[in-house]
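**Student:** Next comes the structure file work.csv, holding CSV, C-alpha atoms.
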```csv
chain,number,residue,atom,x,y,z
A,1,MET,CA,88.0,113.7,149.0
A,2,SER,CA,84.7,112.7,150.4
A,3,LEU,CA,84.0,113.6,154.0
A,4,ARG,CA,81.9,110.5,154.6
A,5,GLY,CA,82.7,106.9,155.6
A,6,ARG,CA,85.8,105.1,156.4
A,7,LEU,CA,88.7,104.8,154.1
A,8,ALA,CA,89.1,101.6,152.0
A,9,THR,CA,92.3,100.8,154.0
A,10,GLY,CA,90.2,100.6,157.2
A,11,LYS,CA,91.7,103.7,158.6
A,12,ARG,CA,89.5,106.1,160.4
A,13,ARG,CA,88.7,109.1,158.2
A,14,ILE,CA,88.7,112.3,160.2
A,15,ALA,CA,87.8,115.7,158.7
A,16,PHE,CA,88.9,118.7,160.7
A,17,LEU,CA,87.2,121.8,159.4
A,18,TYR,CA,88.2,125.2,160.6
A,19,TRP,CA,88.0,128.9,159.9
A,20,ASP,CA,91.0,131.0,160.9
A,21,GLY,CA,88.8,133.9,162.3
A,22,CYS,CA,88.3,131.6,165.3
A,23,GLN,CA,91.3,131.2,167.5
A,24,SER,CA,90.6,127.8,169.0
A,25,HIS,CA,91.4,125.5,166.0
A,26,GLU,CA,95.1,124.9,166.9
A,27,GLU,CA,94.3,123.7,170.4
A,28,ALA,CA,91.4,121.6,169.1
A,29,LEU,CA,93.7,119.9,166.5
A,30,ARG,CA,96.2,119.3,169.2
A,31,ARG,CA,93.6,117.7,171.4
A,32,LEU,CA,92.3,115.5,168.5
A,33,ARG,CA,95.9,114.3,167.8
A,34,LYS,CA,96.5,113.6,171.5
A,35,VAL,CA,93.3,111.5,171.8
A,36,LEU,CA,94.1,109.6,168.6
A,37,ALA,CA,97.6,108.8,169.9
A,38,GLU,CA,96.3,107.7,173.3
A,39,GLU,CA,93.7,105.5,171.7
A,40,ARG,CA,96.2,104.2,169.2
A,41,THR,CA,93.8,104.9,166.4
A,42,ASP,CA,95.0,104.6,162.9
A,43,ALA,CA,93.5,107.6,161.2
A,44,GLU,CA,93.9,110.0,158.4
A,45,ILE,CA,93.2,113.6,159.3
A,46,GLU,CA,92.2,115.9,156.5
A,47,THR,CA,92.3,119.6,157.6
A,48,ILE,CA,90.0,121.8,155.6
A,49,LEU,CA,90.2,125.6,155.8
A,50,VAL,CA,86.8,127.1,155.2
A,51,GLN,CA,87.2,130.5,153.7
A,52,SER,CA,83.8,131.8,152.5
A,53,GLU,CA,80.2,131.8,153.5
A,54,ASP,CA,79.4,129.8,150.3
A,55,GLU,CA,81.9,127.2,151.2
A,56,ALA,CA,80.5,127.1,154.8
A,57,LYS,CA,77.1,126.3,153.4
A,58,ARG,CA,78.3,123.8,150.9
A,59,LEU,CA,80.3,121.9,153.5
A,60,GLN,CA,77.5,122.3,156.1
A,61,PHE,CA,80.1,123.9,158.4
A,62,ALA,CA,78.4,124.6,161.7
A,63,GLY,CA,81.3,126.6,163.1
A,64,SER,CA,85.0,126.4,163.8
A,65,PRO,CA,86.4,123.9,164.6
A,66,THR,CA,84.2,121.1,163.3
A,67,ILE,CA,85.4,117.5,163.6
A,68,ARG,CA,83.8,114.6,161.7
A,69,ILE,CA,84.8,111.0,162.3
A,70,ASP,CA,84.0,108.8,159.4
A,71,GLY,CA,81.6,111.5,158.3
A,72,LYS,CA,79.8,112.0,161.6
A,73,ASP,CA,80.1,115.2,163.6
A,74,ILE,CA,81.4,114.6,167.1
A,75,GLN,CA,78.6,116.7,168.5
A,76,PRO,CA,75.9,116.9,165.8
A,77,PRO,CA,74.6,120.5,165.5
A,78,THR,CA,71.0,121.0,166.6
A,79,THR,CA,70.3,123.8,164.0
A,80,ALA,CA,71.2,124.0,160.3
A,81,HIS,CA,73.0,127.4,160.6
A,82,TYR,CA,76.1,127.2,158.5
A,83,SER,CA,78.5,130.1,158.5
A,84,LEU,CA,81.9,131.4,159.2
A,85,SER,CA,81.6,131.5,163.0
A,86,CYS,CA,83.0,129.9,166.1
A,87,ARG,CA,81.5,126.6,167.2
A,88,ALA,CA,79.9,126.3,170.6
A,89,TYR,CA,80.5,122.9,172.3
A,90,HIS,CA,78.3,121.8,175.1
A,91,LEU,CA,80.7,120.1,177.6
A,92,GLU,CA,80.0,117.2,179.9
A,93,ASP,CA,79.7,119.5,182.9
A,94,GLY,CA,77.2,121.8,181.3
A,95,ARG,CA,79.7,124.6,180.3
A,96,ILE,CA,79.9,126.0,176.8
A,97,SER,CA,83.3,126.2,175.2
A,98,PRO,CA,84.8,127.0,171.8
A,99,LEU,CA,86.8,123.8,172.2
A,100,PRO,CA,85.6,120.2,172.2
A,101,SER,CA,86.9,118.3,175.3
A,102,GLU,CA,89.2,115.4,175.0
A,103,CYS,CA,86.5,113.3,176.5
A,104,MET,CA,84.0,114.3,173.8
A,105,ILE,CA,86.5,113.4,171.1
A,106,ARG,CA,87.3,110.1,172.7
A,107,THR,CA,83.6,109.2,173.1
A,108,ALA,CA,82.9,110.0,169.5
A,109,LEU,CA,85.8,108.0,168.4
A,110,LYS,CA,84.7,104.9,170.3
A,111,SER,CA,81.1,105.2,169.4
A,112,GLU,CA,82.0,105.0,165.8
A,113,SER,CA,84.5,102.2,166.0
B,114,MET,CA,93.7,147.4,166.6
B,115,ALA,CA,91.4,149.4,168.9
B,116,ASN,CA,90.8,153.1,168.1
B,117,VAL,CA,90.7,154.0,171.8
B,118,LYS,CA,94.2,153.6,173.1
B,119,ILE,CA,95.6,153.3,176.6
B,120,GLY,CA,95.5,156.9,178.0
B,121,ASP,CA,92.7,158.0,175.7
B,122,LYS,CA,89.4,159.4,176.9
B,123,ALA,CA,86.3,157.3,176.6
B,124,ILE,CA,84.0,157.9,173.7
B,125,ASP,CA,80.5,158.5,175.1
B,126,PHE,CA,77.5,156.6,173.8
B,127,THR,CA,73.9,156.2,174.6
B,128,LEU,CA,72.3,152.8,173.9
B,129,ILE,CA,69.1,150.9,174.9
B,130,GLY,CA,69.5,148.1,177.4
B,131,THR,CA,67.7,144.9,177.9
B,132,ASP,CA,66.0,146.6,180.9
B,133,GLY,CA,64.2,148.9,178.5
B,134,LEU,CA,66.2,151.9,179.7
B,135,LYS,CA,68.7,154.1,177.8
B,136,HIS,CA,72.2,154.0,179.3
B,137,SER,CA,74.9,156.5,178.6
B,138,LEU,CA,78.5,156.0,179.6
B,139,THR,CA,78.4,159.3,181.3
B,140,ASP,CA,75.7,157.9,183.7
B,141,TYR,CA,78.6,156.0,185.2
B,142,ARG,CA,81.1,158.8,185.5
B,143,ASN,CA,83.2,158.6,188.7
B,144,LYS,CA,83.1,154.9,188.5
B,145,PHE,CA,85.7,152.4,187.1
B,146,THR,CA,83.8,151.5,184.0
B,147,VAL,CA,84.3,148.1,182.3
B,148,VAL,CA,82.9,148.2,178.7
B,149,VAL,CA,82.8,144.7,177.3
B,150,PHE,CA,81.9,144.2,173.7
B,151,SER,CA,79.9,141.0,174.0
B,152,CYS,CA,77.1,139.1,172.3
B,153,ASN,CA,74.8,136.0,172.7
B,154,HIS,CA,76.1,133.6,170.1
B,155,CYS,CA,79.8,133.5,170.6
B,156,PRO,CA,81.1,130.5,172.5
B,157,TYR,CA,84.0,132.5,174.0
B,158,VAL,CA,81.5,134.9,175.5
B,159,ARG,CA,79.4,132.0,176.7
B,160,ALA,CA,82.4,130.5,178.3
B,161,TRP,CA,83.3,133.8,180.0
B,162,GLU,CA,79.9,135.4,180.8
B,163,GLY,CA,79.6,133.7,184.2
B,164,ARG,CA,82.9,135.2,185.2
B,165,MET,CA,81.6,138.6,184.1
B,166,VAL,CA,78.7,138.3,186.5
B,167,THR,CA,81.1,137.1,189.3
B,168,ILE,CA,83.5,140.0,188.7
B,169,GLN,CA,80.7,142.6,188.7
B,170,ALA,CA,79.4,141.2,192.0
B,171,ALA,CA,82.9,141.1,193.5
B,172,TYR,CA,83.9,144.6,192.6
B,173,ALA,CA,80.7,146.6,192.8
B,174,ASP,CA,81.6,147.9,196.2
B,175,ARG,CA,84.9,149.2,194.9
B,176,GLY,CA,83.0,151.4,192.4
B,177,VAL,CA,83.3,149.2,189.4
B,178,GLN,CA,80.5,149.1,186.8
B,179,LEU,CA,80.5,146.6,184.0
B,180,ILE,CA,78.6,147.4,180.8
B,181,ALA,CA,78.1,144.8,178.0
B,182,VAL,CA,77.5,146.0,174.5
B,183,ASN,CA,76.3,143.8,171.7
B,184,SER,CA,77.1,145.2,168.3
B,185,ASN,CA,76.7,142.1,166.1
B,186,ASP,CA,74.5,142.0,163.0
B,187,ALA,CA,71.4,140.3,164.2
B,188,THR,CA,70.2,139.6,160.6
B,189,GLN,CA,73.0,137.2,160.0
B,190,TYR,CA,73.1,136.1,163.6
B,191,PRO,CA,69.5,136.1,164.9
B,192,GLU,CA,70.7,134.7,168.3
B,193,ASP,CA,72.1,138.2,168.8
B,194,ASN,CA,68.8,140.1,168.3
B,195,PHE,CA,67.4,142.3,171.1
B,196,GLU,CA,64.7,139.8,172.2
B,197,ASN,CA,67.3,137.1,172.6
B,198,MET,CA,69.5,139.5,174.4
B,199,LYS,CA,66.7,140.1,176.9
B,200,LEU,CA,66.3,136.3,177.3
B,201,ARG,CA,70.1,135.8,177.9
B,202,ALA,CA,70.2,138.7,180.5
B,203,ARG,CA,67.4,137.1,182.4
B,204,GLU,CA,68.6,133.5,182.1
B,205,LYS,CA,72.1,134.4,183.2
B,206,GLN,CA,71.0,136.9,185.8
B,207,PHE,CA,73.2,139.7,184.4
B,208,ASN,CA,74.0,142.2,187.2
B,209,PHE,CA,75.1,144.8,184.7
B,210,PRO,CA,73.5,146.6,181.7
B,211,TYR,CA,73.4,144.7,178.5
B,212,LEU,CA,73.1,147.2,175.6
B,213,ARG,CA,72.2,146.9,172.0
B,214,ASP,CA,74.5,148.8,169.5
B,215,GLU,CA,72.1,148.3,166.6
B,216,ASP,CA,74.0,150.6,164.1
B,217,GLN,CA,77.4,149.3,165.2
B,218,LYS,CA,78.7,152.8,165.7
B,219,VAL,CA,79.9,152.2,169.2
B,220,ALA,CA,82.0,149.2,168.2
B,221,GLU,CA,83.2,151.1,165.2
B,222,SER,CA,84.2,154.2,167.1
B,223,TYR,CA,86.1,152.0,169.7
B,224,GLY,CA,87.7,149.9,167.0
B,225,ALA,CA,86.5,146.8,168.8
B,226,GLN,CA,87.2,143.6,166.9
B,227,ARG,CA,86.1,140.7,169.0
B,228,THR,CA,83.7,139.4,171.6
B,229,PRO,CA,84.5,139.5,174.4
B,230,GLU,CA,86.8,142.6,174.3
B,231,VAL,CA,87.3,144.6,177.4
B,232,PHE,CA,88.0,148.4,177.8
B,233,VAL,CA,88.5,149.6,181.4
B,234,PHE,CA,88.2,153.3,182.2
B,235,ASP,CA,89.3,155.0,185.4
B,236,ARG,CA,87.2,157.5,187.3
B,237,ASN,CA,88.3,160.2,184.9
B,238,SER,CA,87.1,158.1,181.9
B,239,ILE,CA,90.7,157.4,180.8
B,240,LEU,CA,91.4,154.0,179.3
B,241,ARG,CA,93.6,152.0,181.6
B,242,TYR,CA,93.2,148.4,180.4
B,243,HIS,CA,92.3,146.8,177.1
B,244,GLY,CA,92.1,143.1,176.2
B,245,ALA,CA,90.9,139.8,177.6
B,246,ILE,CA,89.1,138.9,180.8
B,247,ASP,CA,91.7,136.3,181.8
B,248,ASP,CA,94.0,133.8,180.1
B,249,ASN,CA,91.8,130.7,179.9
B,250,TYR,CA,88.4,130.8,178.2
B,251,ASP,CA,88.1,127.0,178.3
B,252,ASP,CA,88.5,126.3,182.0
B,253,PRO,CA,87.9,128.9,184.7
B,254,LEU,CA,89.7,126.7,187.2
B,255,ALA,CA,92.9,126.7,185.1
B,256,VAL,CA,93.2,130.5,184.8
B,257,LYS,CA,96.7,131.6,185.6
B,258,ARG,CA,96.5,135.3,184.8
B,259,HIS,CA,93.3,137.2,185.9
B,260,HIS,CA,93.9,140.2,183.6
B,261,LEU,CA,90.6,142.1,184.3
B,262,ARG,CA,90.7,141.4,188.1
B,263,ASP,CA,94.4,142.5,188.2
B,264,ALA,CA,93.5,145.7,186.4
B,265,LEU,CA,90.6,146.5,188.7
B,266,ASP,CA,92.7,145.6,191.8
B,267,ALA,CA,95.4,148.0,190.6
B,268,LEU,CA,93.0,150.8,189.7
B,269,SER,CA,90.8,150.6,192.8
B,270,GLY,CA,93.9,150.2,195.0
B,271,GLY,CA,95.7,153.1,193.4
B,272,THR,CA,98.7,150.9,192.4
B,273,LYS,CA,100.5,150.6,189.1
B,274,LEU,CA,98.8,148.5,186.5
B,275,LEU,CA,101.5,146.0,185.3
B,276,ARG,CA,99.8,144.7,182.2
B,277,PRO,CA,97.6,147.4,180.6
B,278,GLU,CA,97.1,145.5,177.4
B,279,THR,CA,96.6,141.8,176.6
B,280,GLN,CA,95.7,139.9,173.5
B,281,THR,CA,91.9,139.8,172.9
B,282,VAL,CA,90.6,136.3,172.3
B,283,GLY,CA,87.1,135.6,171.0
B,284,CYS,CA,84.8,135.7,168.0
B,285,THR,CA,85.0,138.5,165.5
B,286,ILE,CA,82.3,141.2,165.7
B,287,LYS,CA,79.8,140.4,162.9
B,288,TRP,CA,79.7,143.6,160.8
B,289,LYS,CA,76.6,144.4,158.7
B,290,ASN,CA,78.4,144.9,155.4
B,291,ASN,CA,80.2,141.5,155.5
```
Just give me the structure as structure tokens.

**Tutor:**
Amino acid sequence: MSLRGRLATGKRRIAFLYWDGCQSHEEALRRLRKVLAEERTDAEIETILVQSEDEAKRLQFAGSPTIRIDGKDIQPPTTAHYSLSCRAYHLEDGRISPLPSECMIRTALKSES
Amino acid sequence: MANVKIGDKAIDFTLIGTDGLKHSLTDYRNKFTVVVFSCNHCPYVRAWEGRMVTIQAAYADRGVQLIAVNSNDATQYPEDNFENMKLRAREKQFNFPYLRDEDQKVAESYGAQRTPEVFVFDRNSILRYHGAIDDNYDDPLAVKRHHLRDALDALSGGTKLLRPETQTVGCTIKWKNN
């Protein structure tokens, strides 16, 4: 399954990439699902477990969790460092977190619609 | 699973700090010593490091000394190299030593697995607490259990420590042979 573009059905295509060495993916997926429900967005989530450094490079995995909506990262990484690591999200209030905020997910969802 | 268990004696080490000085654990004998395996790149550390500074400031006059140790492989993770450690210590105004464990022997001997991972020793260098700083990396205002503060309050107040071990949450330590 390609990670880019919308599905032919018009549904949003969401790729949720994670590495299980990083403990925030379950909460991130819960937040993603919550926002999709609140926004009544028809979407198909593909969860992809990244298991090797080679796979991380091939998928351009910038850390766990990575969320792409219709192929676009919700917070495009500023460097091309792809590895099995935890993702640092820059929150709206300036803090760094291993979790994307609901606001960040919602904004990305709306900017792509 | 950590190699140093509750009730065990601290394993001494001597490492270079971002201040250019060598620091040994024994330099801090007679203090409550908080050894935190830490790093630059990990978002969990970055979420918590402000709280580390706050805790050191709040507990210094109770004889608490925090020591952060970065054991990560800086070849794979250049953000964790010594120069970047110096920058981070300056930028975040660390009020504790930030040490480089270049050969990873300290992390290995302690059996540390994640960053941040906390080991608290009493004035006799006996391990009294091991685990997380608190129960909410994502939001400091939503913390319900202040694990490290509770441990330091109990130790410095001479009362029983109710929760000597908590689950460590964070990034895995980046070993050189991986």

**Student:** Write out as a compact mmCIF listing (two decimals) with C-alpha atoms, in the frame of the given file the residues lying within 10 Å of Ile45 in chain A, counting only C-alpha atoms and excluding same-chain residues fewer than 3 positions away.

**Tutor:**
```
# COMPACT_ATOMS: atom_id res chain seq x y z
CA ARG A 12 89.50 106.10 160.40
CA ARG A 13 88.70 109.10 158.20
CA ILE A 14 88.70 112.30 160.20
CA ALA A 15 87.80 115.70 158.70
CA PHE A 16 88.90 118.70 160.70
CA LEU A 29 93.70 119.90 166.50
CA LEU A 32 92.30 115.50 168.50
CA ARG A 33 95.90 114.30 167.80
CA ASP A 42 95.00 104.60 162.90
CA ILE A 48 90.00 121.80 155.60
CA ILE A 67 85.40 117.50 163.60
CA ARG A 68 83.80 114.60 161.70
CA ILE A 69 84.80 111.00 162.30
```

**Student:** Please, which residues of chain B lie no more than 6 Å from chain A when the count uses all atoms listed in the file, and can they be set out as a PyMOL selection string?

**Tutor:** chain B and resi 156-157+160+251

**Student:** Nearest residue to Glu196 in chain B out of B:Asp132, B:Asp248, B:Asp174, B:Glu230, using all atoms listed in the file?

**Tutor:**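 Smallest distance to Glu196 in chain B is found for B:Asp132.
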
**Student:** What is the distance, in Å and to one decimal place, between CA of Tyr211 in chain B and CA of Val117 in chain B?

**Tutor:**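 These two atoms are separated by 20.8 Å.
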
**Student:** Calculated over all atoms listed in the file, which of the candidates B:Ala187, B:Val177, B:Val148, B:Leu240 has the smallest distance to Lys118 in chain B?

**Tutor:**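 Smallest distance to Lys118 in chain B is found for B:Leu240.
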
**Student:** Which residues are near Met165 in chain B? Cut-off 12 Å, all atoms listed in the file, ignore same chain within fewer than 4 positions. Put them as a ChimeraX atom specification.

**Tutor:** /B:147-151,158-161,169-173,177-181,202,205-211,229-231,245-247,250,253,259,261-262

**Student:** Write the selection just made, keeping C-alpha atoms, as a PDB file, keeping the file's coordinate frame?

**Tutor:**
```
ATOM      1  CA  VAL B 147      84.300 148.100 182.300  1.00  0.00           C
ATOM      2  CA  VAL B 148      82.900 148.200 178.700  1.00  0.00           C
ATOM      3  CA  VAL B 149      82.800 144.700 177.300  1.00  0.00           C
ATOM      4  CA  PHE B 150      81.900 144.200 173.700  1.00  0.00           C
ATOM      5  CA  SER B 151      79.900 141.000 174.000  1.00  0.00           C
ATOM      6  CA  VAL B 158      81.500 134.900 175.500  1.00  0.00           C
ATOM      7  CA  ARG B 159      79.400 132.000 176.700  1.00  0.00           C
ATOM      8  CA  ALA B 160      82.400 130.500 178.300  1.00  0.00           C
ATOM      9  CA  TRP B 161      83.300 133.800 180.000  1.00  0.00           C
ATOM     10  CA  GLN B 169      80.700 142.600 188.700  1.00  0.00           C
ATOM     11  CA  ALA B 170      79.400 141.200 192.000  1.00  0.00           C
ATOM     12  CA  ALA B 171      82.900 141.100 193.500  1.00  0.00           C
ATOM     13  CA  TYR B 172      83.900 144.600 192.600  1.00  0.00           C
ATOM     14  CA  ALA B 173      80.700 146.600 192.800  1.00  0.00           C
ATOM     15  CA  VAL B 177      83.300 149.200 189.400  1.00  0.00           C
ATOM     16  CA  GLN B 178      80.500 149.100 186.800  1.00  0.00           C
ATOM     17  CA  LEU B 179      80.500 146.600 184.000  1.00  0.00           C
ATOM     18  CA  ILE B 180      78.600 147.400 180.800  1.00  0.00           C
ATOM     19  CA  ALA B 181      78.100 144.800 178.000  1.00  0.00           C
ATOM     20  CA  ALA B 202      70.200 138.700 180.500  1.00  0.00           C
ATOM     21  CA  LYS B 205      72.100 134.400 183.200  1.00  0.00           C
ATOM     22  CA  GLN B 206      71.000 136.900 185.800  1.00  0.00           C
ATOM     23  CA  PHE B 207      73.200 139.700 184.400  1.00  0.00           C
ATOM     24  CA  ASN B 208      74.000 142.200 187.200  1.00  0.00           C
ATOM     25  CA  PHE B 209      75.100 144.800 184.700  1.00  0.00           C
ATOM     26  CA  PRO B 210      73.500 146.600 181.700  1.00  0.00           C
ATOM     27  CA  TYR B 211      73.400 144.700 178.500  1.00  0.00           C
ATOM     28  CA  PRO B 229      84.500 139.500 174.400  1.00  0.00           C
ATOM     29  CA  GLU B 230      86.800 142.600 174.300  1.00  0.00           C
ATOM     30  CA  VAL B 231      87.300 144.600 177.400  1.00  0.00           C
ATOM     31  CA  ALA B 245      90.900 139.800 177.600  1.00  0.00           C
ATOM     32  CA  ILE B 246      89.100 138.900 180.800  1.00  0.00           C
ATOM     33  CA  ASP B 247      91.700 136.300 181.800  1.00  0.00           C
ATOM     34  CA  TYR B 250      88.400 130.800 178.200  1.00  0.00           C
ATOM     35  CA  PRO B 253      87.900 128.900 184.700  1.00  0.00           C
ATOM     36  CA  HIS B 259      93.300 137.200 185.900  1.00  0.00           C
ATOM     37  CA  LEU B 261      90.600 142.100 184.300  1.00  0.00           C
ATOM     38  CA  ARG B 262      90.700 141.400 188.100  1.00  0.00           C
TER      39      ARG B 262
END
```

**Student:** List every protein, DNA or RNA residue with an atom no more than 6 Å from (74.6, 153.0, 178.6) in the file's coordinates, counting all atoms listed in the file, and format the result as a compact mmCIF listing (two decimals) with C-alpha atoms, in the frame of the given file.

**Tutor:**
```txt
# COMPACT_ATOMS: atom_id res chain seq x y z
CA THR B 127 73.90 156.20 174.60
CA LEU B 128 72.30 152.80 173.90
CA HIS B 136 72.20 154.00 179.30
CA SER B 137 74.90 156.50 178.60
CA LEU B 138 78.50 156.00 179.60
```

**Student:** Looking at all atoms listed in the file, which of B:Val182, B:Leu274, B:Cys284, B:Met198 is the one that sits closest to His260 in chain B?

**Tutor:**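 Among B:Val182, B:Leu274, B:Cys284, B:Met198, it is B:Leu274 that comes nearest to His260 in chain B.
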
**Student:** Determine the nearest neighbour of Val50 in chain A from the options A:Met104, A:Ala37, A:Ala62, A:Leu17, counting only C-alpha atoms.

**Tutor:**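 Going through A:Met104, A:Ala37, A:Ala62, A:Leu17 one by one, the smallest distance to Val50 in chain A is for A:Leu17.
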
**Student:** State, in Å with one decimal place, the distance from CA of Leu268 in chain B to CA of Thr228 in chain B.

**Tutor:**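 Interatomic distance, CA of Leu268 in chain B to CA of Thr228 in chain B: 23.3 Å.
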
**Student:** Grab the CA of Asp252 in chain B to CA of Lys110 in chain A distance for me, in Å with one decimal place.

**Tutor:**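 Rounded to one decimal, the two atoms are 24.7 Å apart.
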
**Student:** Once you count all atoms listed in the file, which residues end up no further than 10 Å from (89.0, 156.0, 183.8) in the file's frame, shown as a list in words?

**Tutor:**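 The residues that fall inside the cut-off are Gly120, Asp121, Lys122, Ala123, Arg142, Asn143, Lys144, Phe145, Thr146, Val147, Phe232, Val233, Phe234, Asp235, Arg236, Asn237, Ser238, Ile239, Leu240, Arg241, Tyr242 and Leu268 of chain B.
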
**Student:** Go through A:Tyr18, A:Thr107, A:Thr78, A:Gly10 and flag the residue nearest Ala56 in chain A, using all atoms listed in the file for the distances.

**Tutor:** A:Tyr18

**Student:** Neighbouring residues of Thr41 in chain A were defined as those with any atom within 9 Å, considering only C-alpha atoms; residues of the same chain fewer than 2 positions away were excluded. Please report them as a list of chain:residue names.

**Tutor:** A:Lys11, A:Arg12, A:Val35, A:Leu36, A:Ala37, A:Glu38, A:Glu39, A:Ala43, A:Leu109
